[in-house]
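So the structure is just underneath, and the comments pick up after that.
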Amino acid sequence: MDDKAQLKLQAYLDGELPEGEARELATGLAQDQEAAALLAELRQTRDAIAGSEQVRALPESREFYWSKIQRAIERAEAPAPQPAGVSGWVGALRRFLVPVTGLALLVVAGFIATRGTGEPTSSLETAVSDPGALVYRDYSAGATFVWLSYPAEDDNAKQDDEALFD
Amino acid sequence: MVLAGGAVQRAQAGEEMKIQAILVWGTDEPKPPEGKNYKPLDEQIKKRLRALKWKNYFEVKRIDFTASTGAPKKVAVSDKCELDVQALGNSKIEVVLYGKGKEATRVKGVLPKNEILVPCGDAPNETAWLLVLKRMD
Amino acid sequence: MAAFEELVARHRDKLYARAYSMMRNEEEAIDLSQEAWVKGWQRLRQFQGESSFATWMTRIVINLCLDQLRKQKRKRAESIEEMDDESGGVERQMPVITVNPTAGLERVELRERIDRALGQLSYEHRTALVLHEFEELEYKEIAKVMGCSIGTVMSRLFYARRKMATLLADLKKQE
């Protein structure tokens with residue numbers, strides 16, 4: 001028997017042959033001992049395996065197994081933390097800089113945004129004690145901006161133009 | 001915003017820096033609030049603020065002073081806005097801002113000639129306050 | 001979540017057993033079955049009751065096992081067996097087993113022998129067998145799951161069955 005014939009026999013066994021081919025094969029089996037023997041072996045093996053999957057108990061306690069699943073579910077459902085530095089800069093920059101296109105141009109023009117450092121070690125650095133401050137420099141304009149978090153956002157603080165500037 | 005002194009003493013003795021501080025209000029409003037006599041900011045300075053998003057800038061107050069490497073110079077920019085400025089040598093200055101009687105922040109930076117150093121922050125109704133510091137020497 | 005935990009408790013052994021049948025490794029089977037439960041939770045809305053919940057979950061774990069096996073295959077060299085499988089030569093040379101090697105075996109012993117024999121197959125042959133005999137998938141479904149042609153499924157299944165017959169006969173000889 002060639003490969004094709006053997007696979008056809010298997011397909012017949014598994015009910016995967018079209019009806020006409022299945023009938024034709026069944027008729028030919030009576031005259032083909034080799035095919036009949038092979039079919040018998042395949043059937044024997046199939047019948048032995050089917051429904052005989054090994055029964056296995058999970059080797060972990062119910063609580064332990066579930067606790068890991070629960071933690072994984074909670075982790076998967078927790079909102080992804082924003083990278084504070086990047087989003088903080090972007091947010092702050094957007095608050096007081098020109099819109100994105102303008103910002104892009106400024107970047108091209110050599111605009112640098114940095115966090116305030118401890119000590120200004122060069123003309124490019126500015127130190128700020130305000131942890132919420134953002135320092136950025138517009139080289140072409142010769143301007144260094146230090147955006148401070150003051151006045152702090154405070155519900156109790158009644159801010160108005162007069163209070164700030166008078 | 002109230003500011004007070006205590007700047008760190010540093011660097012070369014005897015160095016002085018002539019500085020102009022301009023308190024500026026940044027807004028998209030075409031005019032200052034009624035009753036406020038703010039004038040439009042000088043165009044030369046406004047050009048330097050092109051990175052900022054506001055359409056209009058108004059000068060609230062302008063003060064000239066001299067900062068030295070000796071004691072900090074106290075500058076009353078407004079009734080509620082005071083700062084201490086001290087020269088640190090090599091064009092460096094330290095500006096201490098106080099708010100409501102407490103130190104709000106310290107800004108230490110380099111202020112070369114022909115440049116501006118601008119501490120700034122939020123003001124109500126999506127406007128901004130800016131303190132434009134520039135060398136006059 | 002409590003209701004889901006109850007489902008986990010009810011079906012966890014079967015899901016683990018299926019993962020083990022495919023992976024043949026306890027730790028991997030535990031990890032992949034847990035991963036399947038997490039995915040099951042996330043996709044619970046998509047479960048429309050077309051099949052039983054157990055079947056649905058089993059399909060999830062099978063896919064995870066296949067992904068893992070593919071990753072492992074990329075890392076290891078092909079075995080000679082697999083090369084022969086591709087050339088389709090070995091199984092044609094196996095003598096036909098005429099005596100039923102599992103006749104008279106108690107169910108427990110039968111499962112144990114089949115499990116031992118399955119462990120000696122390559123992952124591709126074992127997977128084809130597990131999906132057809134345990135999961136009861138048709139050829140075209142197996143092809144879809146395994147990402148191969150129906151012809152390849154048929155070849156792998158044929159080889160796997162023939163190899164199993166030989167292995168079970170050998171195990172019987174060792175009695």
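Chain labels A, B, ... are given in the sequence in which chains occur in the structure tokens; within each chain residues are numbered consecutively from 1, and ligands are likewise numbered from 1 in the order shown.
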Residues within 12 Å of A:Lys68, only C-alpha atoms, excluding chain neighbours under 2 positions, as a PyMOL selection string: (chain A and resi 60-66+70-75) or (chain C and resi 5+8+30-31+33-35+37-38)
Print the selection's residues with C-alpha atoms to a file, as a PDB file, in the first residue's frame.
```
ATOM      1  CA  GLU A  60      -1.431  22.134  44.267  1.00  0.00           C
ATOM      2  CA  SER A  61      -4.031  22.960  46.862  1.00  0.00           C
ATOM      3  CA  ARG A  62      -7.187  24.691  45.760  1.00  0.00           C
ATOM      4  CA  GLU A  63      -6.325  27.862  47.659  1.00  0.00           C
ATOM      5  CA  PHE A  64      -2.758  28.088  46.447  1.00  0.00           C
ATOM      6  CA  TYR A  65      -3.662  27.443  42.820  1.00  0.00           C
ATOM      7  CA  TRP A  66      -6.519  29.942  42.919  1.00  0.00           C
ATOM      8  CA  GLN A  70      -6.543  35.703  41.277  1.00  0.00           C
ATOM      9  CA  ARG A  71      -3.362  37.751  41.540  1.00  0.00           C
ATOM     10  CA  ALA A  72      -2.746  37.412  37.821  1.00  0.00           C
ATOM     11  CA  ILE A  73      -6.286  38.563  37.069  1.00  0.00           C
ATOM     12  CA  GLU A  74      -5.937  41.551  39.372  1.00  0.00           C
ATOM     13  CA  ARG A  75      -2.626  42.469  37.803  1.00  0.00           C
TER      14      ARG A  75
ATOM     15  CA  GLU C   5     -13.282  30.385  41.570  1.00  0.00           C
ATOM     16  CA  VAL C   8     -11.829  26.755  38.526  1.00  0.00           C
ATOM     17  CA  ILE C  30       0.463  24.163  36.001  1.00  0.00           C
ATOM     18  CA  ASP C  31       1.636  27.501  34.616  1.00  0.00           C
ATOM     19  CA  SER C  33      -3.399  25.964  32.983  1.00  0.00           C
ATOM     20  CA  GLN C  34      -3.306  29.005  35.267  1.00  0.00           C
ATOM     21  CA  GLU C  35      -2.687  31.243  32.304  1.00  0.00           C
ATOM     22  CA  TRP C  37      -7.870  30.477  33.603  1.00  0.00           C
ATOM     23  CA  VAL C  38      -6.774  34.104  33.513  1.00  0.00           C
TER      24      VAL C  38
END
```
How close does each residue of chain A get to chain C, giving the shortest atom pair and distance in Å to one decimal for every residue with an atom at most 8 Å away, counting only C-alpha atoms, sorted by chain and residue number, as a Markdown table?
```
| residue | atom | partner | partner_atom | distance |
| --- | --- | --- | --- | --- |
| A:Asp3 | CA | C:Arg92 | CA | 7.6 |
| A:Leu7 | CA | C:Met154 | CA | 6.5 |
| A:Gln10 | CA | C:Phe158 | CA | 7.0 |
| A:Ala11 | CA | C:Met154 | CA | 7.8 |
| A:Glu16 | CA | C:Tyr139 | CA | 7.7 |
| A:Ala37 | CA | C:Val96 | CA | 6.9 |
| A:Leu38 | CA | C:Val96 | CA | 6.0 |
| A:Ala40 | CA | C:Thr98 | CA | 7.6 |
| A:Glu41 | CA | C:Ile97 | CA | 5.9 |
| A:Leu42 | CA | C:Arg161 | CA | 6.5 |
| A:Gln44 | CA | C:Asn100 | CA | 6.6 |
| A:Thr45 | CA | C:Ala165 | CA | 6.0 |
| A:Arg46 | CA | C:Glu133 | CA | 7.2 |
| A:Ala48 | CA | C:Thr102 | CA | 6.9 |
| A:Ile49 | CA | C:Glu133 | CA | 6.6 |
| A:Ala50 | CA | C:Glu133 | CA | 4.9 |
| A:Gly51 | CA | C:Phe134 | CA | 6.3 |
| A:Ser52 | CA | C:Arg111 | CA | 5.1 |
| A:Glu53 | CA | C:Arg111 | CA | 6.0 |
| A:Gln54 | CA | C:Arg111 | CA | 5.1 |
| A:Val55 | CA | C:Ala17 | CA | 6.5 |
| A:Arg56 | CA | C:Ala17 | CA | 5.2 |
| A:Ala57 | CA | C:Asp13 | CA | 5.1 |
| A:Leu58 | CA | C:Asp13 | CA | 5.2 |
| A:Arg62 | CA | C:Ala9 | CA | 6.6 |
| A:Tyr65 | CA | C:Gln34 | CA | 7.7 |
| A:Trp66 | CA | C:Glu5 | CA | 6.9 |
| A:Lys68 | CA | C:Gln34 | CA | 7.7 |
| A:Ile69 | CA | C:Gln34 | CA | 5.9 |
| A:Gln70 | CA | C:Val38 | CA | 7.9 |
| A:Ala72 | CA | C:Val38 | CA | 6.8 |
| A:Ile73 | CA | C:Val38 | CA | 5.7 |
```
Write to file, as a PDB file, in the first residue's frame, the residues of the selection just made, with C-alpha atoms.
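Contents of part_24.pdb, freshly written:
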```pdb
ATOM      1  CA  ASP A   3       1.128   6.473   1.504  1.00  0.00           C
ATOM      2  CA  LEU A   7      -4.013   7.792   4.719  1.00  0.00           C
ATOM      3  CA  GLN A  10      -7.270   6.201   8.174  1.00  0.00           C
ATOM      4  CA  ALA A  11      -9.678   8.844   6.886  1.00  0.00           C
ATOM      5  CA  GLU A  16     -13.515  11.817   7.123  1.00  0.00           C
ATOM      6  CA  ALA A  37      -4.997  -5.751   8.805  1.00  0.00           C
ATOM      7  CA  LEU A  38      -3.789  -2.196   8.887  1.00  0.00           C
ATOM      8  CA  ALA A  40      -7.765  -3.320  12.279  1.00  0.00           C
ATOM      9  CA  GLU A  41      -4.595  -2.068  13.929  1.00  0.00           C
ATOM     10  CA  LEU A  42      -5.572   1.554  13.475  1.00  0.00           C
ATOM     11  CA  GLN A  44      -7.580  -1.024  17.839  1.00  0.00           C
ATOM     12  CA  THR A  45      -5.207   1.804  18.667  1.00  0.00           C
ATOM     13  CA  ARG A  46      -7.872   4.455  18.241  1.00  0.00           C
ATOM     14  CA  ALA A  48      -7.692   2.068  23.145  1.00  0.00           C
ATOM     15  CA  ILE A  49      -6.658   5.716  23.224  1.00  0.00           C
ATOM     16  CA  ALA A  50     -10.058   7.363  22.945  1.00  0.00           C
ATOM     17  CA  GLY A  51     -11.389   8.196  26.368  1.00  0.00           C
ATOM     18  CA  SER A  52      -8.239   6.900  28.059  1.00  0.00           C
ATOM     19  CA  GLU A  53      -6.558  10.148  28.878  1.00  0.00           C
ATOM     20  CA  GLN A  54      -4.675   9.806  32.110  1.00  0.00           C
ATOM     21  CA  VAL A  55      -6.543  11.200  35.062  1.00  0.00           C
ATOM     22  CA  ARG A  56      -4.409  13.682  36.916  1.00  0.00           C
ATOM     23  CA  ALA A  57      -5.003  15.679  40.027  1.00  0.00           C
ATOM     24  CA  LEU A  58      -3.460  19.093  40.072  1.00  0.00           C
ATOM     25  CA  ARG A  62      -7.187  24.691  45.760  1.00  0.00           C
ATOM     26  CA  TYR A  65      -3.662  27.443  42.820  1.00  0.00           C
ATOM     27  CA  TRP A  66      -6.519  29.942  42.919  1.00  0.00           C
ATOM     28  CA  LYS A  68      -2.027  32.747  41.828  1.00  0.00           C
ATOM     29  CA  ILE A  69      -4.819  32.993  39.290  1.00  0.00           C
ATOM     30  CA  GLN A  70      -6.543  35.703  41.277  1.00  0.00           C
ATOM     31  CA  ALA A  72      -2.746  37.412  37.821  1.00  0.00           C
ATOM     32  CA  ILE A  73      -6.286  38.563  37.069  1.00  0.00           C
TER      33      ILE A  73
END
```
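Residues of chain B lying within 7 Å of chain A, counting only C-alpha atoms, are Met1, Arg48, Ala51, Leu52, Lys53, Ser78, Asp79, Lys80, Ala104, Thr105, Arg106, Val107, Lys108, Gly109, Val110, Glu115, Ile116, Leu117, Val118, Pro119, Cys120, Gly121, Asp122 and Pro124 of chain B.
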DSSP alpha helix (DSSP H) selection over chain C, as a count of residues only: 125
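The nearest approach to C:Asp67 among the residues C:Val145, C:Gly40, C:Arg126, C:Arg10, with only C-alpha atoms taken into account, belongs to C:Val145.
Reported to one decimal place, the separation of atom CA of B:Pro30 from atom CA of B:Met136 is 29.4 Å.
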Backbone DSSP call of strand (DSSP E or B) for chain B, listed as a VMD selection string: chain B and resid 16 to 27 39 to 40 52 56 to 68 73 to 78 81 to 89 92 to 99 102 to 110 116 to 123 127 to 135
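Nearest to B:Asp137 of all the residues B:Gly99, B:Gly70, B:Gly35, B:Pro112 is B:Pro112, counting only C-alpha atoms.
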Atomic separation - atom CA of B:Val85 relative to atom CA of B:Lys73, Å: 5.0 Å
What lies within 12 Å of C:Ser52 using only C-alpha atoms, ignoring chain neighbours under 6 positions off, as a PDB file with N, CA and C atoms, in the first residue's frame?
```pdb
ATOM      1  N   HIS C  11     -13.143  22.422  37.450  1.00  0.00           N
ATOM      2  CA  HIS C  11     -12.540  21.957  36.197  1.00  0.00           C
ATOM      3  C   HIS C  11     -11.015  21.951  36.177  1.00  0.00           C
ATOM      4  N   THR C  58     -10.794  24.206  27.704  1.00  0.00           N
ATOM      5  CA  THR C  58      -9.780  23.274  27.195  1.00  0.00           C
ATOM      6  C   THR C  58      -9.169  23.805  25.914  1.00  0.00           C
ATOM      7  N   ARG C  59      -9.987  24.387  25.078  1.00  0.00           N
ATOM      8  CA  ARG C  59      -9.446  24.952  23.837  1.00  0.00           C
ATOM      9  C   ARG C  59      -8.456  26.072  24.131  1.00  0.00           C
TER      10      ARG C  59
END
```
Straight-line distance linking atom CA of C:Met146 with atom CA of C:Leu66, stated in Å to one decimal: 7.3 Å
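Closest approach to B:Glu15 from the set B:Val60, B:Leu111, B:Tyr98, B:Ala87 is made by B:Ala87, with distances taken over only C-alpha atoms.
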